[in-house]
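Raw contents of input-v3.pdb, PDB, C-alpha atoms:
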MODEL        1
ATOM      1  CA  MET A   1     -10.439 -29.790  26.934
ATOM      2  CA  PRO A   2      -9.311 -26.759  29.049
ATOM      3  CA  GLN A   3      -9.987 -28.823  32.176
ATOM      4  CA  ASP A   4      -7.649 -31.569  30.901
ATOM      5  CA  ARG A   5      -4.913 -29.021  30.210
ATOM      6  CA  ILE A   6      -5.372 -27.511  33.669
ATOM      7  CA  ASP A   7      -5.371 -30.915  35.400
ATOM      8  CA  ALA A   8      -2.183 -31.882  33.533
ATOM      9  CA  LEU A   9      -0.309 -28.997  35.190
ATOM     10  CA  GLY A  10      -0.178 -30.909  38.486
ATOM     11  CA  LEU A  11      -0.903 -27.837  40.605
ATOM     12  CA  PRO A  12      -2.356 -27.898  44.131
ATOM     13  CA  PRO A  13      -6.138 -28.649  44.229
ATOM     14  CA  GLY A  14      -7.202 -25.140  45.270
ATOM     15  CA  LEU A  15      -5.215 -23.539  42.486
ATOM     16  CA  THR A  16      -6.470 -26.090  39.962
ATOM     17  CA  GLU A  17     -10.054 -25.262  40.956
ATOM     18  CA  ALA A  18      -9.415 -21.511  40.636
ATOM     19  CA  LEU A  19      -7.966 -22.023  37.148
ATOM     20  CA  ARG A  20     -11.045 -24.067  36.210
ATOM     21  CA  ARG A  21     -13.259 -21.150  37.334
ATOM     22  CA  LEU A  22     -11.156 -18.808  35.215
ATOM     23  CA  ALA A  23     -11.502 -21.180  32.236
ATOM     24  CA  LEU A  24     -15.299 -21.145  32.647
ATOM     25  CA  HIS A  25     -15.237 -17.365  32.658
ATOM     26  CA  GLN A  26     -13.012 -17.327  29.580
ATOM     27  CA  ALA A  27     -15.479 -19.584  27.753
ATOM     28  CA  SER A  28     -18.293 -17.073  28.374
ATOM     29  CA  PRO A  29     -19.265 -13.985  26.352
ATOM     30  CA  ALA A  30     -17.979 -11.838  29.253
ATOM     31  CA  ARG A  31     -14.434 -13.235  28.885
ATOM     32  CA  HIS A  32     -11.322 -11.111  29.259
ATOM     33  CA  ARG A  33     -10.265 -10.059  25.789
ATOM     34  CA  ARG A  34      -7.100  -8.301  26.962
ATOM     35  CA  PRO A  35      -3.975 -10.319  27.792
ATOM     36  CA  VAL A  36      -1.915 -10.722  30.925
ATOM     37  CA  GLY A  37       1.524  -9.127  30.609
ATOM     38  CA  VAL A  38       4.400 -11.440  31.474
ATOM     39  CA  ILE A  39       7.566  -9.396  31.855
ATOM     40  CA  GLY A  40      11.142 -10.043  32.908
ATOM     41  CA  PRO A  41      14.752 -10.103  31.783
ATOM     42  CA  GLY A  42      15.691 -11.207  28.295
ATOM     43  CA  ASP A  43      18.602 -13.266  29.595
ATOM     44  CA  ALA A  44      16.744 -15.264  32.257
ATOM     45  CA  ASP A  45      17.324 -18.977  32.627
ATOM     46  CA  GLY A  46      17.024 -21.687  35.276
ATOM     47  CA  GLN A  47      14.255 -21.268  37.845
ATOM     48  CA  VAL A  48      13.185 -17.860  36.528
ATOM     49  CA  TYR A  49      12.656 -19.343  33.051
ATOM     50  CA  ALA A  50      10.829 -22.397  34.438
ATOM     51  CA  ASP A  51       8.524 -20.273  36.598
ATOM     52  CA  ALA A  52       7.640 -17.871  33.760
ATOM     53  CA  ARG A  53       6.880 -20.841  31.523
ATOM     54  CA  LEU A  54       4.610 -22.493  34.111
ATOM     55  CA  ILE A  55       2.749 -19.246  34.849
ATOM     56  CA  ALA A  56       2.024 -18.641  31.161
ATOM     57  CA  ARG A  57       1.130 -22.293  30.596
ATOM     58  CA  ALA A  58      -1.415 -22.203  33.440
ATOM     59  CA  LEU A  59      -2.946 -18.909  32.285
ATOM     60  CA  ALA A  60      -3.175 -20.091  28.672
ATOM     61  CA  ALA A  61      -4.691 -23.409  29.763
ATOM     62  CA  ALA A  62      -7.421 -21.334  31.422
ATOM     63  CA  GLY A  63      -8.011 -19.350  28.224
ATOM     64  CA  MET A  64      -5.942 -16.223  28.848
ATOM     65  CA  ALA A  65      -3.679 -14.711  26.195
ATOM     66  CA  ILE A  66      -0.313 -13.335  27.257
ATOM     67  CA  VAL A  67       1.604 -10.318  26.000
ATOM     68  CA  CYS A  68       5.339  -9.836  26.355
ATOM     69  CA  GLY A  69       8.301  -8.133  24.734
ATOM     70  CA  GLY A  70       8.657 -10.982  22.262
ATOM     71  CA  ARG A  71      12.340 -11.731  22.644
ATOM     72  CA  GLY A  72      14.349 -14.185  24.822
ATOM     73  CA  GLY A  73      14.536 -15.113  28.501
ATOM     74  CA  VAL A  74      11.295 -14.614  30.412
ATOM     75  CA  MET A  75       9.574 -13.501  27.215
ATOM     76  CA  ALA A  76      10.494 -16.730  25.410
ATOM     77  CA  ALA A  77       9.598 -18.797  28.475
ATOM     78  CA  ALA A  78       6.145 -17.223  28.706
ATOM     79  CA  SER A  79       5.575 -17.587  24.970
ATOM     80  CA  GLN A  80       6.661 -21.217  25.091
ATOM     81  CA  GLY A  81       4.403 -21.997  28.047
ATOM     82  CA  ALA A  82       1.370 -20.371  26.452
ATOM     83  CA  THR A  83       1.746 -21.983  23.048
ATOM     84  CA  GLU A  84       2.501 -25.443  24.479
ATOM     85  CA  VAL A  85      -1.131 -25.644  25.613
ATOM     86  CA  GLY A  86      -2.587 -24.045  22.491
ATOM     87  CA  GLY A  87      -2.738 -20.535  23.935
ATOM     88  CA  VAL A  88      -1.899 -17.189  22.382
ATOM     89  CA  ALA A  89       1.421 -15.415  22.977
ATOM     90  CA  ILE A  90       1.669 -11.860  21.641
ATOM     91  CA  GLY A  91       5.097 -10.258  21.350
ATOM     92  CA  ILE A  92       5.465  -6.494  21.077
ATOM     93  CA  LEU A  93       8.932  -6.159  19.592
ATOM     94  CA  PRO A  94      11.191  -3.106  19.794
ATOM     95  CA  GLU A  95      12.543  -3.594  16.253
ATOM     96  CA  GLU A  96      11.008  -2.780  12.886
ATOM     97  CA  ASP A  97      10.869  -6.451  11.916
ATOM     98  CA  GLU A  98      10.459  -9.843  13.553
ATOM     99  CA  ARG A  99      13.998 -11.215  13.028
ATOM    100  CA  HIS A 100      14.691 -11.239  16.780
ATOM    101  CA  ALA A 101      11.286 -12.614  17.806
ATOM    102  CA  ASN A 102      11.327 -15.756  19.893
ATOM    103  CA  PRO A 103      10.125 -18.858  18.013
ATOM    104  CA  TYR A 104       7.145 -19.483  20.327
ATOM    105  CA  LEU A 105       5.135 -16.344  19.568
ATOM    106  CA  SER A 106       1.666 -16.697  18.104
ATOM    107  CA  VAL A 107       1.714 -13.063  16.995
ATOM    108  CA  ALA A 108       4.795 -10.855  16.561
ATOM    109  CA  LEU A 109       4.195  -7.106  16.412
ATOM    110  CA  PRO A 110       7.317  -5.205  15.310
ATOM    111  CA  THR A 111       7.042  -1.592  16.418
ATOM    112  CA  GLY A 112      10.310   0.119  15.525
ATOM    113  CA  ILE A 113      10.017   2.199  18.705
ATOM    114  CA  GLY A 114      12.680   0.498  20.803
ATOM    115  CA  GLU A 115      12.171   0.283  24.541
ATOM    116  CA  MET A 116       9.156   2.588  24.257
ATOM    117  CA  ARG A 117       7.313  -0.646  23.442
ATOM    118  CA  ASN A 118       7.379  -1.289  27.218
ATOM    119  CA  ALA A 119       4.595   1.271  27.522
ATOM    120  CA  LEU A 120       2.484  -0.680  25.011
ATOM    121  CA  ILE A 121       2.937  -3.867  27.023
ATOM    122  CA  ALA A 122       2.025  -2.168  30.309
ATOM    123  CA  ARG A 123      -0.949  -0.333  28.797
ATOM    124  CA  SER A 124      -2.411  -3.339  26.974
ATOM    125  CA  ALA A 125      -2.258  -5.811  29.879
ATOM    126  CA  LEU A 126      -4.968  -6.497  32.444
ATOM    127  CA  CYS A 127      -2.204  -7.046  34.988
ATOM    128  CA  LEU A 128       1.567  -7.421  34.882
ATOM    129  CA  VAL A 129       3.427 -10.504  36.044
ATOM    130  CA  ALA A 130       7.117  -9.774  36.624
ATOM    131  CA  VAL A 131       9.343 -12.835  36.883
ATOM    132  CA  GLY A 132      12.840 -11.596  37.662
ATOM    133  CA  TYR A 133      13.806  -8.085  36.778
ATOM    134  CA  ASN A 134      16.070  -5.733  34.890
ATOM    135  CA  MET A 135      15.735  -2.056  34.069
ATOM    136  CA  GLY A 136      13.215  -2.700  31.281
ATOM    137  CA  THR A 137      11.099  -4.812  33.637
ATOM    138  CA  LEU A 138      11.198  -2.053  36.245
ATOM    139  CA  SER A 139      10.019   0.481  33.668
ATOM    140  CA  GLU A 140       7.084  -1.763  32.703
ATOM    141  CA  MET A 141       6.216  -2.286  36.370
ATOM    142  CA  ALA A 142       6.339   1.452  37.098
ATOM    143  CA  LEU A 143       4.155   2.272  34.086
ATOM    144  CA  GLY A 144       1.707  -0.475  35.037
ATOM    145  CA  LEU A 145       1.419   0.909  38.566
ATOM    146  CA  LYS A 146       1.007   4.454  37.230
ATOM    147  CA  TRP A 147      -1.866   3.215  35.052
ATOM    148  CA  GLU A 148      -3.403   1.321  37.979
ATOM    149  CA  ARG A 149      -2.621  -2.148  36.686
ATOM    150  CA  PRO A 150      -2.056  -4.806  39.338
ATOM    151  CA  VAL A 151       1.636  -5.781  39.334
ATOM    152  CA  PHE A 152       2.826  -9.090  40.799
ATOM    153  CA  VAL A 153       6.525  -9.846  41.310
ATOM    154  CA  LEU A 154       8.399 -13.147  41.658
ATOM    155  CA  HIS A 155      12.213 -13.324  41.903
ATOM    156  CA  GLY A 156      12.447  -9.540  42.215
ATOM    157  CA  GLU A 157      15.215  -7.957  44.247
ATOM    158  CA  LEU A 158      13.830  -4.436  44.186
ATOM    159  CA  SER A 159      10.369  -3.528  45.341
ATOM    160  CA  LEU A 160       8.149  -0.793  44.003
ATOM    161  CA  PRO A 161       5.403   0.683  46.171
ATOM    162  CA  GLY A 162       2.130  -0.918  45.116
ATOM    163  CA  ALA A 163       3.649  -4.037  43.541
ATOM    164  CA  VAL A 164       2.687  -7.318  45.212
ATOM    165  CA  GLU A 165       5.712  -9.504  45.925
ATOM    166  CA  VAL A 166       5.088 -13.250  46.067
ATOM    167  CA  ALA A 167       7.199 -16.072  47.449
ATOM    168  CA  ASP A 168       6.697 -18.776  44.819
ATOM    169  CA  VAL A 169       5.023 -19.681  41.551
ATOM    170  CA  HIS A 170       1.904 -21.109  43.237
ATOM    171  CA  GLN A 171       1.322 -17.917  45.222
ATOM    172  CA  MET A 172       1.893 -15.939  42.018
ATOM    173  CA  LEU A 173      -0.732 -17.931  40.120
ATOM    174  CA  GLY A 174      -3.177 -17.584  43.020
ATOM    175  CA  CYS A 175      -2.769 -13.787  43.027
ATOM    176  CA  ILE A 176      -3.189 -13.535  39.252
ATOM    177  CA  VAL A 177      -6.295 -15.743  39.159
ATOM    178  CA  ASP A 178      -7.830 -13.877  42.123
ATOM    179  CA  CYS A 179      -7.206 -10.614  40.285
ATOM    180  CA  LEU A 180      -8.723 -11.887  37.029
ATOM    181  CA  LEU A 181     -11.746 -13.467  38.718
ATOM    182  CA  GLY A 182     -12.218 -10.299  40.784
ATOM    183  CA  ASP A 183     -12.198  -8.256  37.580
ATOM    184  CA  ALA A 184     -14.686 -10.714  36.092
ATOM    185  CA  ALA A 185     -17.029 -10.303  39.066
ATOM    186  CA  SER A 186     -16.962  -6.511  38.746
ATOM    187  CA  ALA A 187     -17.478  -6.514  34.964
TER     188      ALA A 187
ENDMDL
END
Full structure transcribed into structure tokens:
Amino acid sequence: MPQDRIDALGLPPGLTEALRRLALHQASPARHRRPVGVIGPGDADGQVYADARLIARALAAAGMAIVCGGRGGVMAAASQGATEVGGVAIGILPEEDERHANPYLSVALPTGIGEMRNALIARSALCLVAVGYNMGTLSEMALGLKWERPVFVLHGELSLPGAVEVADVHQMLGCIVDCLLGDAASA
């Protein structure tokens, strides 16, 4: 079943094969139990939205959960992509309730701590995938780098030392899968 979901993405053959390897790892007892953080602006649309959705869809098809801020824009796109293939989308919300949660979340976690929830997203993720940016995204990226999380950036206009900037969604997925399979090999 994961192979069918991966094949249906229509990605280049090398990337499809890498996602299949990740899916095999995720089906094993040594699987990654922590999510990938997908971060970006809450008002994103167009290509940024489409790319975040595809990234999360591909990761979820390979058995990875995603974590995000749980609201709109990139967060909704990632949640939508993950749940469309039966994956898990976790939203760490700034409010005390889930009224503003996007409708695609599998799990909504209201925190009541406002933007401080960015630290929870950065700390909980295996790596951070920034699609677009705003000040909140930059704070998550900076915290991720401080805590030695790999940070990958697509559609970013500012660069942070240590963050890996990519040119397109396929390069982004290749970097993420390489990171996750590298972590799997060292585990």
Item to complete: Kindly resolve the PyMOL selection byres ((chain A and resi 68) around 10) on the present coordinates and return the residues as a PyMOL selection string.
Response: chain A and resi 35-40+66-67+69-71+74-76+78-79+89-93+105+108+117-118+120-122+125+128-129
Centre, edges in Å (one decimal): axis-aligned box, range 100-112 of chain A, 4 Å padding on all six sides, as AutoDock Vina command-line options:
--center_x 8.2 --center_y -9.7 --center_z 17.8 --size_x 21.0 --size_y 27.6 --size_z 13.0
Fill in: Picked residues, the PyMOL selection byres ((chain A and resi 3) around 12), as a list in words
Met1, Pro2, Asp4, Arg5, Ile6, Asp7, Ala8, Leu9, Gly10, Thr16, Glu17, Ala18, Leu19, Arg20, Arg21, Leu22, Ala23, Leu24, Ala27, Ala58, Ala60, Ala61, Ala62, Gly63 and Val85 of chain A
Take the selection from the previous step and output its residues with C-alpha atoms, as a PDB file, in the frame of the given file.
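Produced file result_34.pdb, reproduced below:
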ATOM      1  CA  MET A   1     -10.439 -29.790  26.934  1.00  0.00           C
ATOM      2  CA  PRO A   2      -9.311 -26.759  29.049  1.00  0.00           C
ATOM      3  CA  ASP A   4      -7.649 -31.569  30.901  1.00  0.00           C
ATOM      4  CA  ARG A   5      -4.913 -29.021  30.210  1.00  0.00           C
ATOM      5  CA  ILE A   6      -5.372 -27.511  33.669  1.00  0.00           C
ATOM      6  CA  ASP A   7      -5.371 -30.915  35.400  1.00  0.00           C
ATOM      7  CA  ALA A   8      -2.183 -31.882  33.533  1.00  0.00           C
ATOM      8  CA  LEU A   9      -0.309 -28.997  35.190  1.00  0.00           C
ATOM      9  CA  GLY A  10      -0.178 -30.909  38.486  1.00  0.00           C
ATOM     10  CA  THR A  16      -6.470 -26.090  39.962  1.00  0.00           C
ATOM     11  CA  GLU A  17     -10.054 -25.262  40.956  1.00  0.00           C
ATOM     12  CA  ALA A  18      -9.415 -21.511  40.636  1.00  0.00           C
ATOM     13  CA  LEU A  19      -7.966 -22.023  37.148  1.00  0.00           C
ATOM     14  CA  ARG A  20     -11.045 -24.067  36.210  1.00  0.00           C
ATOM     15  CA  ARG A  21     -13.259 -21.150  37.334  1.00  0.00           C
ATOM     16  CA  LEU A  22     -11.156 -18.808  35.215  1.00  0.00           C
ATOM     17  CA  ALA A  23     -11.502 -21.180  32.236  1.00  0.00           C
ATOM     18  CA  LEU A  24     -15.299 -21.145  32.647  1.00  0.00           C
ATOM     19  CA  ALA A  27     -15.479 -19.584  27.753  1.00  0.00           C
ATOM     20  CA  ALA A  58      -1.415 -22.203  33.440  1.00  0.00           C
ATOM     21  CA  ALA A  60      -3.175 -20.091  28.672  1.00  0.00           C
ATOM     22  CA  ALA A  61      -4.691 -23.409  29.763  1.00  0.00           C
ATOM     23  CA  ALA A  62      -7.421 -21.334  31.422  1.00  0.00           C
ATOM     24  CA  GLY A  63      -8.011 -19.350  28.224  1.00  0.00           C
ATOM     25  CA  VAL A  85      -1.131 -25.644  25.613  1.00  0.00           C
TER      26      VAL A  85
END
Discussion item. Need the shell around range 166-172 of chain A: protein/DNA/RNA residues with any atom at most 8 Å away, counting only C-alpha atoms. Skip same-chain ones fewer than 4 positions apart. Format as number ranges by chain?
Written reply: A: 11, 15, 51, 54-55, 152-155, 176
Worksheet item: What is the distance between CA of Arg57 in chain A and CA of Gly72 in chain A, in Å to one decimal?
Response: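 Atom-to-atom, CA of Arg57 in chain A and CA of Gly72 in chain A are spaced 16.5 Å apart.
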Item to complete: Spell out the residues picked by the PyMOL selection byres ((chain A and resi 158) around 10) here, as a PyMOL selection string.
Response: chain A and resi 132-134+138+153+155-157+159-160+165
Discussion item. Taking (-7.8, -2.6, 26.8) in the coordinates of the supplied file, I want to know which residues reach to within 10 Å of it, counting all atoms listed in the file; could you give the answer as a ChimeraX atom specification?
Written reply: /A:32-35,123-126
Practice prompt. Quick one: pull the distance between CA of Glu98 in chain A and CA of Leu145 in chain A, Å, one decimal.
Written response: 28.7 Å
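Across the structure, CA of Arg149 in chain A and CA of Glu84 in chain A are spaced 26.8 Å apart.
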Worksheet item: Of the candidates A:Ala142, A:Ala163, A:Ala77, A:Cys175, which one gets nearest to Asp43 in chain A if we count all atoms listed in the file?
Response: A:Ala77
Worksheet entry | Pick from A:Gly162, A:Pro13, A:Pro103, A:Gly42, whichever lies nearest to Glu148 in chain A using only C-alpha atoms | A:Gly162
